Amino acid sequence: MFALSDADLAGGVLDCPGGGSSFTATARAAGVDARAVDPVYARPVADLAVQLREELERGRAWMTARSEAYRWDDHGDPEVLTHRRAASAAAFVAHRRAEPDRYVAASLPHLPMADGAVDLVLSSHFLFTYADRLDAAAHLAALREMLRVARRQVRVYPLLDASGHALPDLLQGVVADLRRDGVDARVQAVAHEFQRGAGHLLVLER
Ligand SMILES: C[S@@+](CC[C@H](N)C(=O)[O-])C[C@H]1O[C@@H](n2cnc3c(N)ncnc32)[C@H](O)[C@@H]1O
């Protein structure tokens with residue numbers, strides 16, 4: 001979903017927020033200098049494992065009730081995807097136990113990291129997805145903070161809300177504000193499209 005090349009992963013990468021996904025575990029296994037941030041990392045890993053199991057069930061029910069909102073070419077159906085997500089959550093739990101320092105408990109818009117601490121910041125299913133509870137100012141503050149810690153680039157995906165609605169006013173507003181800051185902000189097509197209509201990511205560079 002982030003259209004990543006090997007070159008993109010050659011430097012430090014921050015998954016923000018990482019949640020219970022296996023991105024950092026998988027990237028570390030491939031030798032990438034990856035880490036993740038999420039407020040839930042303040043919780044003990046055993047509690048998180050329980051929470052992730054509950055979220056898997058909620059996710060299965062959500063996708064089953066709205067299955068036409070997704071493309072099932074890759075994942076088959078909500079059952080198959082729930083099994084894959086369970087495997088991803090298990091990989092996260094195991095890796096968080098193995099390399100706890102790779103998981104930083106923090107909340108946007110404040111990341112406890114130096115300016116330019118990583119090369120690339122990836123952010124999925126938080127901004128835009130949670131547009132019902134994060135206003136334009138919260139989006140802008142979070143994006144500026146991610147730009148502060150990224151030496152090279154920030155990528156955000158998807159650019160729809162959780163129900164699959166496009167957010168043109170929010171997107172154009174934050175892009176315009178970031179361009180006024182001198183940021184090269186562009187919307188780029190990606191091949192990956194699970195949530196229907198989620199065929200674009202936001203790429204930011206200073
Ligand atoms: C839907 S999950 C996405 C996680 C991961 N990126 C993925 O795609 O699987 C949203 C995450 O946002 C985290 N979150 C909530 N408030 C946050 C904040 N203020 N700053 C950073 N992350 C936050 C939640 O804890 C949750 O793990």
# chains A, B, ... in the order shown; residues from 1 in each chain; ligands from 1

$ select_by_dssp --residues "stretch 6-175 of chain A" --states "helix (DSSP H, G or I)" --output "PyMOL selection string"
chain A and resi 7-9+23-29+39-42+45-65+67-69+78-98+100-102+136-149+168-175

$ select_by_dssp --residues "stretch 99-187 of chain A" --states "strand (DSSP E or B)" --output "PDB file with C-alpha atoms, in the first residue's frame"
ATOM      1  CA  TYR A 103       8.093  -0.070  19.919  1.00  0.00           C
ATOM      2  CA  VAL A 104       7.692   3.444  21.298  1.00  0.00           C
ATOM      3  CA  VAL A 118      14.475   8.425  10.548  1.00  0.00           C
ATOM      4  CA  ASP A 119      14.543   8.550   6.749  1.00  0.00           C
ATOM      5  CA  LEU A 120      10.944   7.592   6.093  1.00  0.00           C
ATOM      6  CA  VAL A 121       7.706   7.787   8.116  1.00  0.00           C
ATOM      7  CA  LEU A 122       4.795   5.563   7.069  1.00  0.00           C
ATOM      8  CA  SER A 123       1.318   6.216   8.427  1.00  0.00           C
ATOM      9  CA  SER A 124      -1.622   3.964   7.632  1.00  0.00           C
ATOM     10  CA  ALA A 150      11.487  12.276   8.679  1.00  0.00           C
ATOM     11  CA  ARG A 151      14.768  13.151   6.964  1.00  0.00           C
ATOM     12  CA  ARG A 152      13.432  12.228   3.537  1.00  0.00           C
ATOM     13  CA  GLN A 153       9.736  11.483   3.220  1.00  0.00           C
ATOM     14  CA  VAL A 154       6.332  10.863   4.839  1.00  0.00           C
ATOM     15  CA  ARG A 155       3.752   8.581   3.213  1.00  0.00           C
ATOM     16  CA  VAL A 156       0.121   8.400   4.347  1.00  0.00           C
ATOM     17  CA  TYR A 157      -2.447   5.812   3.255  1.00  0.00           C
ATOM     18  CA  LEU A 160     -10.542   7.870   2.704  1.00  0.00           C
ATOM     19  CA  ALA A 166     -13.347  10.500  -0.099  1.00  0.00           C
ATOM     20  CA  ASP A 184       6.388  19.120  -1.621  1.00  0.00           C
ATOM     21  CA  ALA A 185       2.970  17.487  -1.060  1.00  0.00           C
ATOM     22  CA  ARG A 186       1.552  15.203  -3.762  1.00  0.00           C
ATOM     23  CA  VAL A 187      -1.120  12.548  -4.146  1.00  0.00           C
TER      24      VAL A 187
END

$ residues_near_ligand --ligand "ligand 1" --cutoff "8 Å" --atoms "only C-alpha atoms and all ligand atoms" --output "VMD selection string"
chain A and resid 15 to 21 37 to 40 106 to 110 123 to 126 129 142

$ write_last_selection --atoms "all heavy atoms" --output "CSV table (one decimal), in the first residue's frame"
chain,number,residue,atom,x,y,z
A,15,ASP,N,7.0,3.3,11.5
A,15,ASP,CA,5.6,3.0,11.3
A,15,ASP,C,4.8,3.8,12.3
A,15,ASP,O,4.9,3.5,13.5
A,15,ASP,CB,5.4,1.5,11.4
A,15,ASP,CG,4.0,1.1,11.0
A,15,ASP,OD1,3.3,1.9,10.4
A,15,ASP,OD2,3.6,-0.1,11.3
A,16,CYS,N,3.9,4.7,11.9
A,16,CYS,CA,3.3,5.7,12.9
A,16,CYS,C,1.9,6.0,12.5
A,16,CYS,O,1.7,6.8,11.6
A,16,CYS,CB,4.2,6.9,12.9
A,16,CYS,SG,3.5,8.2,13.9
A,17,PRO,N,0.9,5.4,13.1
A,17,PRO,CA,1.0,4.4,14.2
A,17,PRO,C,1.1,3.0,13.7
A,17,PRO,O,0.5,2.6,12.7
A,17,PRO,CB,-0.3,4.6,15.0
A,17,PRO,CG,-1.3,5.0,13.9
A,17,PRO,CD,-0.5,5.8,12.9
A,18,GLY,N,1.8,2.2,14.5
A,18,GLY,CA,2.1,0.8,14.1
A,18,GLY,C,0.9,-0.1,14.5
A,18,GLY,O,0.7,-1.2,13.9
A,19,GLY,N,0.2,0.2,15.6
A,19,GLY,CA,-0.8,-0.7,16.1
A,19,GLY,C,-0.4,-2.1,16.3
A,19,GLY,O,0.8,-2.3,16.7
A,20,GLY,N,-1.2,-3.0,15.9
A,20,GLY,CA,-0.8,-4.4,16.1
A,20,GLY,C,-0.4,-5.1,14.8
A,20,GLY,O,-0.6,-6.3,14.6
A,21,SER,N,0.1,-4.3,13.9
A,21,SER,CA,0.5,-4.8,12.6
A,21,SER,C,1.9,-5.4,12.7
A,21,SER,O,2.7,-5.0,13.5
A,21,SER,CB,0.4,-3.8,11.5
A,21,SER,OG,1.6,-3.1,11.3
A,37,VAL,N,5.6,3.5,16.4
A,37,VAL,CA,5.1,4.3,17.5
A,37,VAL,C,3.6,4.1,17.6
A,37,VAL,O,2.9,3.9,16.6
A,37,VAL,CB,5.3,5.8,17.2
A,37,VAL,CG1,4.4,6.7,17.9
A,37,VAL,CG2,6.7,6.2,17.4
A,38,ASP,N,3.0,4.0,18.8
A,38,ASP,CA,1.6,3.9,19.0
A,38,ASP,C,1.3,4.1,20.5
A,38,ASP,O,2.1,3.6,21.3
A,38,ASP,CB,1.1,2.6,18.6
A,38,ASP,CG,-0.4,2.6,18.3
A,38,ASP,OD1,-1.2,2.8,19.3
A,38,ASP,OD2,-0.8,2.3,17.2
A,39,PRO,N,0.2,4.9,20.8
A,39,PRO,CA,0.0,5.0,22.3
A,39,PRO,C,-0.3,3.7,23.0
A,39,PRO,O,-0.1,3.5,24.2
A,39,PRO,CB,-1.3,5.9,22.3
A,39,PRO,CG,-1.8,6.0,20.9
A,39,PRO,CD,-0.7,5.7,20.0
A,40,VAL,N,-0.8,2.7,22.2
A,40,VAL,CA,-1.1,1.4,22.9
A,40,VAL,C,0.1,0.6,23.3
A,40,VAL,O,0.0,-0.3,24.1
A,40,VAL,CB,-1.9,0.4,22.0
A,40,VAL,CG1,-3.3,1.0,21.7
A,40,VAL,CG2,-1.2,0.1,20.7
A,106,ALA,N,3.8,6.5,22.2
A,106,ALA,CA,3.6,8.0,22.1
A,106,ALA,C,2.4,8.2,21.2
A,106,ALA,O,1.9,7.4,20.5
A,106,ALA,CB,4.9,8.5,21.4
A,107,SER,N,1.9,9.5,21.3
A,107,SER,CA,0.7,9.9,20.6
A,107,SER,C,1.0,11.1,19.7
A,107,SER,O,1.6,12.1,20.2
A,107,SER,CB,-0.4,10.3,21.6
A,107,SER,OG,-0.8,9.2,22.4
A,108,LEU,N,0.6,11.0,18.5
A,108,LEU,CA,0.6,12.2,17.7
A,108,LEU,C,-0.3,13.3,18.3
A,108,LEU,O,-1.3,12.9,18.9
A,108,LEU,CB,0.2,11.9,16.3
A,108,LEU,CG,1.2,11.1,15.4
A,108,LEU,CD1,0.5,10.5,14.2
A,108,LEU,CD2,2.4,12.0,15.0
A,109,PRO,N,0.0,14.5,18.3
A,109,PRO,CA,1.1,15.1,17.4
A,109,PRO,C,2.4,15.3,18.1
A,109,PRO,O,3.2,16.2,17.8
A,109,PRO,CB,0.5,16.5,17.1
A,109,PRO,CG,-0.3,16.9,18.3
A,109,PRO,CD,-0.9,15.6,18.8
A,110,HIS,N,2.8,14.4,19.1
A,110,HIS,CA,4.1,14.6,19.7
A,110,HIS,C,4.9,13.3,19.7
A,110,HIS,O,4.5,12.3,20.3
A,110,HIS,CB,3.9,15.0,21.2
A,110,HIS,CG,3.2,16.3,21.3
A,110,HIS,ND1,3.7,17.5,20.8
A,110,HIS,CD2,2.0,16.6,21.8
A,110,HIS,CE1,2.8,18.5,21.0
A,110,HIS,NE2,1.8,18.0,21.6
A,123,SER,N,2.5,6.1,7.5
A,123,SER,CA,1.3,6.2,8.4
A,123,SER,C,0.1,5.7,7.7
A,123,SER,O,-0.4,6.2,6.7
A,123,SER,CB,1.1,7.7,8.8
A,123,SER,OG,0.1,7.8,9.7
A,124,SER,N,-0.4,4.6,8.3
A,124,SER,CA,-1.6,4.0,7.6
A,124,SER,C,-2.8,3.8,8.6
A,124,SER,O,-2.6,3.6,9.8
A,124,SER,CB,-1.3,2.6,7.1
A,124,SER,OG,-1.1,1.7,8.1
A,125,HIS,N,-4.0,4.1,8.0
A,125,HIS,CA,-5.2,3.8,8.7
A,125,HIS,C,-5.3,4.6,10.1
A,125,HIS,O,-5.7,4.1,11.1
A,125,HIS,CB,-5.5,2.3,9.0
A,125,HIS,CG,-5.5,1.6,7.7
A,125,HIS,ND1,-4.4,0.8,7.2
A,125,HIS,CD2,-6.4,1.5,6.7
A,125,HIS,CE1,-4.7,0.3,6.0
A,125,HIS,NE2,-5.9,0.7,5.7
A,126,PHE,N,-4.9,5.8,10.0
A,126,PHE,CA,-5.1,6.7,11.2
A,126,PHE,C,-5.6,8.1,10.7
A,126,PHE,O,-6.8,8.4,10.9
A,126,PHE,CB,-3.7,6.8,12.0
A,126,PHE,CG,-3.8,7.8,13.1
A,126,PHE,CD1,-4.7,7.6,14.2
A,126,PHE,CD2,-3.0,8.9,13.1
A,126,PHE,CE1,-4.8,8.5,15.2
A,126,PHE,CE2,-3.1,9.9,14.2
A,126,PHE,CZ,-4.0,9.6,15.2
A,129,THR,N,-8.6,8.1,7.9
A,129,THR,CA,-9.4,7.0,8.4
A,129,THR,C,-10.3,7.5,9.5
A,129,THR,O,-11.4,7.2,9.6
A,129,THR,CB,-8.5,5.8,8.8
A,129,THR,OG1,-7.8,5.4,7.6
A,129,THR,CG2,-9.4,4.7,9.3
A,142,ALA,N,-0.3,16.6,13.1
A,142,ALA,CA,0.3,15.2,13.0
A,142,ALA,C,1.2,15.1,11.8
A,142,ALA,O,2.3,14.6,11.9
A,142,ALA,CB,-0.8,14.2,12.9

$ closest_residue --among "A:Tyr41, A:Phe92, A:Phe128, A:Trp72" --to "A:Ala25" --atoms "only C-alpha atoms"
A:Phe92

$ residues_around --residues "A:Arg179" --least-positions-apart "6" --cutoff "12 Å" --atoms "only C-alpha atoms" --output "PyMOL selection string"
chain A and resi 140+144+172-173+185-186+203-206

$ write_last_selection --atoms "N, CA and C atoms" --output "JSON list (two decimals), in the first residue's frame"
[["chain", "number", "residue", "atom", "x", "y", "z"],
["A", 140, "LEU", "N", -3.15, 18.35, 10.36],
["A", 140, "LEU", "CA", -1.99, 19.18, 10.02],
["A", 140, "LEU", "C", -0.90, 19.05, 11.08],
["A", 144, "ARG", "N", 2.81, 17.61, 10.30],
["A", 144, "ARG", "CA", 4.01, 18.44, 10.54],
["A", 144, "ARG", "C", 4.97, 17.71, 11.49],
["A", 172, "GLN", "N", -7.43, 18.51, 0.34],
["A", 172, "GLN", "CA", -6.94, 19.71, -0.35],
["A", 172, "GLN", "C", -6.50, 20.78, 0.65],
["A", 173, "GLY", "N", -7.21, 20.85, 1.78],
["A", 173, "GLY", "CA", -6.86, 21.85, 2.80],
["A", 173, "GLY", "C", -5.49, 21.58, 3.41],
["A", 185, "ALA", "N", 4.07, 18.39, -1.44],
["A", 185, "ALA", "CA", 2.97, 17.49, -1.06],
["A", 185, "ALA", "C", 2.27, 17.03, -2.33],
["A", 186, "ARG", "N", 2.22, 15.69, -2.55],
["A", 186, "ARG", "CA", 1.55, 15.20, -3.76],
["A", 186, "ARG", "C", 0.77, 13.93, -3.48],
["A", 203, "VAL", "N", 2.17, 11.75, -0.42],
["A", 203, "VAL", "CA", 3.63, 11.73, -0.26],
["A", 203, "VAL", "C", 4.09, 13.16, 0.08],
["A", 204, "LEU", "N", 4.85, 13.28, 1.16],
["A", 204, "LEU", "CA", 5.33, 14.59, 1.62],
["A", 204, "LEU", "C", 6.85, 14.60, 1.69],
["A", 205, "GLU", "N", 7.44, 15.67, 1.16],
["A", 205, "GLU", "CA", 8.90, 15.83, 1.25],
["A", 205, "GLU", "C", 9.22, 17.29, 1.50],
["A", 206, "ARG", "N", 10.25, 17.51, 2.27],
["A", 206, "ARG", "CA", 10.69, 18.90, 2.50],
["A", 206, "ARG", "C", 11.54, 19.40, 1.36]]

$ atom_distance --atom1 "atom CA of A:Ala34" --atom2 "atom CA of A:Ala49"
21.0 Å

$ atom_distance --atom1 "atom CA of A:Gly11" --atom2 "atom CA of A:Ala91"
22.4 Å

$ atom_distance --atom1 "atom CA of A:Ser163" --atom2 "atom CA of A:Ala87"
24.8 Å

$ closest_residue --among "A:Val80, A:Val32, A:Thr26, A:Ala90" --to "A:Arg53" --atoms "only C-alpha atoms"
A:Ala90

$ residues_around --residues "A:Ser67" --least-positions-apart "4" --cutoff "10 Å" --atoms "only C-alpha atoms" --output "JSON, numbers by chain"
{"A": [60, 61, 62, 63, 71, 72, 77, 78, 195]}

$ residues_around --residues "A:Glu193" --least-positions-apart "2" --cutoff "10 Å" --atoms "only C-alpha atoms" --output "list in words"
Met1, Tyr70, Arg71, Trp72, Asp73, Asp74, Pro158, Ala189, Val190, Ala191, Gln195, Arg196, Gly197, Ala198, Gly199 and His200 of chain A

$ decode --residues "stretch 62-95 of chain A" --atoms "N, CA and C atoms" --output "PDB file, in the first residue's frame"
ATOM      1  N   TRP A  62     -17.252  -6.107  10.923  1.00  0.00           N
ATOM      2  CA  TRP A  62     -17.343  -4.873  10.119  1.00  0.00           C
ATOM      3  C   TRP A  62     -17.222  -5.219   8.631  1.00  0.00           C
ATOM      4  N   MET A  63     -16.215  -6.027   8.280  1.00  0.00           N
ATOM      5  CA  MET A  63     -15.988  -6.344   6.855  1.00  0.00           C
ATOM      6  C   MET A  63     -17.089  -7.229   6.293  1.00  0.00           C
ATOM      7  N   THR A  64     -17.610  -8.134   7.126  1.00  0.00           N
ATOM      8  CA  THR A  64     -18.674  -9.026   6.655  1.00  0.00           C
ATOM      9  C   THR A  64     -19.930  -8.217   6.354  1.00  0.00           C
ATOM     10  N   ALA A  65     -20.208  -7.228   7.231  1.00  0.00           N
ATOM     11  CA  ALA A  65     -21.409  -6.397   7.038  1.00  0.00           C
ATOM     12  C   ALA A  65     -21.263  -5.456   5.850  1.00  0.00           C
ATOM     13  N   ARG A  66     -20.003  -5.157   5.471  1.00  0.00           N
ATOM     14  CA  ARG A  66     -19.779  -4.181   4.389  1.00  0.00           C
ATOM     15  C   ARG A  66     -18.878  -4.776   3.322  1.00  0.00           C
ATOM     16  N   SER A  67     -19.057  -6.049   3.004  1.00  0.00           N
ATOM     17  CA  SER A  67     -18.059  -6.714   2.158  1.00  0.00           C
ATOM     18  C   SER A  67     -17.980  -6.087   0.766  1.00  0.00           C
ATOM     19  N   GLU A  68     -19.073  -5.428   0.324  1.00  0.00           N
ATOM     20  CA  GLU A  68     -19.031  -4.804  -1.019  1.00  0.00           C
ATOM     21  C   GLU A  68     -18.135  -3.563  -1.032  1.00  0.00           C
ATOM     22  N   ALA A  69     -17.742  -3.091   0.140  1.00  0.00           N
ATOM     23  CA  ALA A  69     -16.878  -1.901   0.198  1.00  0.00           C
ATOM     24  C   ALA A  69     -15.404  -2.267  -0.007  1.00  0.00           C
ATOM     25  N   TYR A  70     -15.112  -3.562  -0.178  1.00  0.00           N
ATOM     26  CA  TYR A  70     -13.719  -4.019  -0.297  1.00  0.00           C
ATOM     27  C   TYR A  70     -13.545  -4.851  -1.560  1.00  0.00           C
ATOM     28  N   ARG A  71     -12.320  -4.916  -2.038  1.00  0.00           N
ATOM     29  CA  ARG A  71     -11.973  -5.798  -3.173  1.00  0.00           C
ATOM     30  C   ARG A  71     -11.349  -7.059  -2.575  1.00  0.00           C
ATOM     31  N   TRP A  72     -11.873  -8.202  -2.959  1.00  0.00           N
ATOM     32  CA  TRP A  72     -11.442  -9.446  -2.325  1.00  0.00           C
ATOM     33  C   TRP A  72     -10.488 -10.271  -3.192  1.00  0.00           C
ATOM     34  N   ASP A  73      -9.952  -9.650  -4.270  1.00  0.00           N
ATOM     35  CA  ASP A  73      -9.048 -10.367  -5.184  1.00  0.00           C
ATOM     36  C   ASP A  73      -7.876 -11.009  -4.434  1.00  0.00           C
ATOM     37  N   ASP A  74      -7.276 -10.260  -3.513  1.00  0.00           N
ATOM     38  CA  ASP A  74      -6.087 -10.769  -2.808  1.00  0.00           C
ATOM     39  C   ASP A  74      -6.445 -11.588  -1.578  1.00  0.00           C
ATOM     40  N   HIS A  75      -7.476 -11.173  -0.848  1.00  0.00           N
ATOM     41  CA  HIS A  75      -7.726 -11.771   0.473  1.00  0.00           C
ATOM     42  C   HIS A  75      -8.847 -12.800   0.488  1.00  0.00           C
ATOM     43  N   GLY A  76      -9.538 -13.012  -0.621  1.00  0.00           N
ATOM     44  CA  GLY A  76     -10.562 -14.051  -0.695  1.00  0.00           C
ATOM     45  C   GLY A  76     -11.879 -13.644  -0.069  1.00  0.00           C
ATOM     46  N   ASP A  77     -11.935 -13.615   1.246  1.00  0.00           N
ATOM     47  CA  ASP A  77     -13.155 -13.231   1.956  1.00  0.00           C
ATOM     48  C   ASP A  77     -12.773 -12.820   3.385  1.00  0.00           C
ATOM     49  N   PRO A  78     -13.743 -12.319   4.173  1.00  0.00           N
ATOM     50  CA  PRO A  78     -13.397 -11.837   5.524  1.00  0.00           C
ATOM     51  C   PRO A  78     -12.777 -12.906   6.415  1.00  0.00           C
ATOM     52  N   GLU A  79     -13.133 -14.170   6.202  1.00  0.00           N
ATOM     53  CA  GLU A  79     -12.540 -15.249   7.019  1.00  0.00           C
ATOM     54  C   GLU A  79     -11.046 -15.376   6.745  1.00  0.00           C
ATOM     55  N   VAL A  80     -10.701 -15.444   5.449  1.00  0.00           N
ATOM     56  CA  VAL A  80      -9.279 -15.581   5.075  1.00  0.00           C
ATOM     57  C   VAL A  80      -8.491 -14.392   5.612  1.00  0.00           C
ATOM     58  N   LEU A  81      -9.055 -13.198   5.412  1.00  0.00           N
ATOM     59  CA  LEU A  81      -8.334 -12.005   5.860  1.00  0.00           C
ATOM     60  C   LEU A  81      -8.181 -11.994   7.384  1.00  0.00           C
ATOM     61  N   THR A  82      -9.194 -12.441   8.101  1.00  0.00           N
ATOM     62  CA  THR A  82      -9.098 -12.465   9.571  1.00  0.00           C
ATOM     63  C   THR A  82      -7.987 -13.426  10.005  1.00  0.00           C
ATOM     64  N   HIS A  83      -7.843 -14.543   9.312  1.00  0.00           N
ATOM     65  CA  HIS A  83      -6.728 -15.465   9.624  1.00  0.00           C
ATOM     66  C   HIS A  83      -5.386 -14.794   9.358  1.00  0.00           C
ATOM     67  N   ARG A  84      -5.305 -14.067   8.242  1.00  0.00           N
ATOM     68  CA  ARG A  84      -4.039 -13.385   7.928  1.00  0.00           C
ATOM     69  C   ARG A  84      -3.745 -12.306   8.967  1.00  0.00           C
ATOM     70  N   ARG A  85      -4.788 -11.585   9.377  1.00  0.00           N
ATOM     71  CA  ARG A  85      -4.572 -10.541  10.383  1.00  0.00           C
ATOM     72  C   ARG A  85      -4.177 -11.150  11.727  1.00  0.00           C
ATOM     73  N   ALA A  86      -4.713 -12.323  12.031  1.00  0.00           N
ATOM     74  CA  ALA A  86      -4.337 -12.995  13.278  1.00  0.00           C
ATOM     75  C   ALA A  86      -2.857 -13.378  13.228  1.00  0.00           C
ATOM     76  N   ALA A  87      -2.399 -13.837  12.066  1.00  0.00           N
ATOM     77  CA  ALA A  87      -0.975 -14.192  11.918  1.00  0.00           C
ATOM     78  C   ALA A  87      -0.111 -12.942  12.053  1.00  0.00           C
ATOM     79  N   SER A  88      -0.587 -11.817  11.481  1.00  0.00           N
ATOM     80  CA  SER A  88       0.151 -10.564  11.572  1.00  0.00           C
ATOM     81  C   SER A  88       0.221 -10.096  13.032  1.00  0.00           C
ATOM     82  N   ALA A  89      -0.908 -10.202  13.756  1.00  0.00           N
ATOM     83  CA  ALA A  89      -0.933  -9.798  15.168  1.00  0.00           C
ATOM     84  C   ALA A  89      -0.002 -10.689  15.993  1.00  0.00           C
ATOM     85  N   ALA A  90       0.038 -11.994  15.689  1.00  0.00           N
ATOM     86  CA  ALA A  90       0.924 -12.907  16.428  1.00  0.00           C
ATOM     87  C   ALA A  90       2.388 -12.546  16.168  1.00  0.00           C
ATOM     88  N   ALA A  91       2.697 -12.183  14.929  1.00  0.00           N
ATOM     89  CA  ALA A  91       4.079 -11.785  14.606  1.00  0.00           C
ATOM     90  C   ALA A  91       4.441 -10.508  15.355  1.00  0.00           C
ATOM     91  N   PHE A  92       3.488  -9.573  15.429  1.00  0.00           N
ATOM     92  CA  PHE A  92       3.727  -8.336  16.193  1.00  0.00           C
ATOM     93  C   PHE A  92       4.011  -8.650  17.663  1.00  0.00           C
ATOM     94  N   VAL A  93       3.157  -9.482  18.271  1.00  0.00           N
ATOM     95  CA  VAL A  93       3.302  -9.793  19.703  1.00  0.00           C
ATOM     96  C   VAL A  93       4.663 -10.452  19.962  1.00  0.00           C
ATOM     97  N   ALA A  94       5.023 -11.409  19.121  1.00  0.00           N
ATOM     98  CA  ALA A  94       6.305 -12.112  19.310  1.00  0.00           C
ATOM     99  C   ALA A  94       7.476 -11.143  19.152  1.00  0.00           C
ATOM    100  N   HIS A  95       7.379 -10.254  18.142  1.00  0.00           N
ATOM    101  CA  HIS A  95       8.500  -9.334  17.911  1.00  0.00           C
ATOM    102  C   HIS A  95       8.583  -8.265  18.998  1.00  0.00           C
TER     103      HIS A  95
END
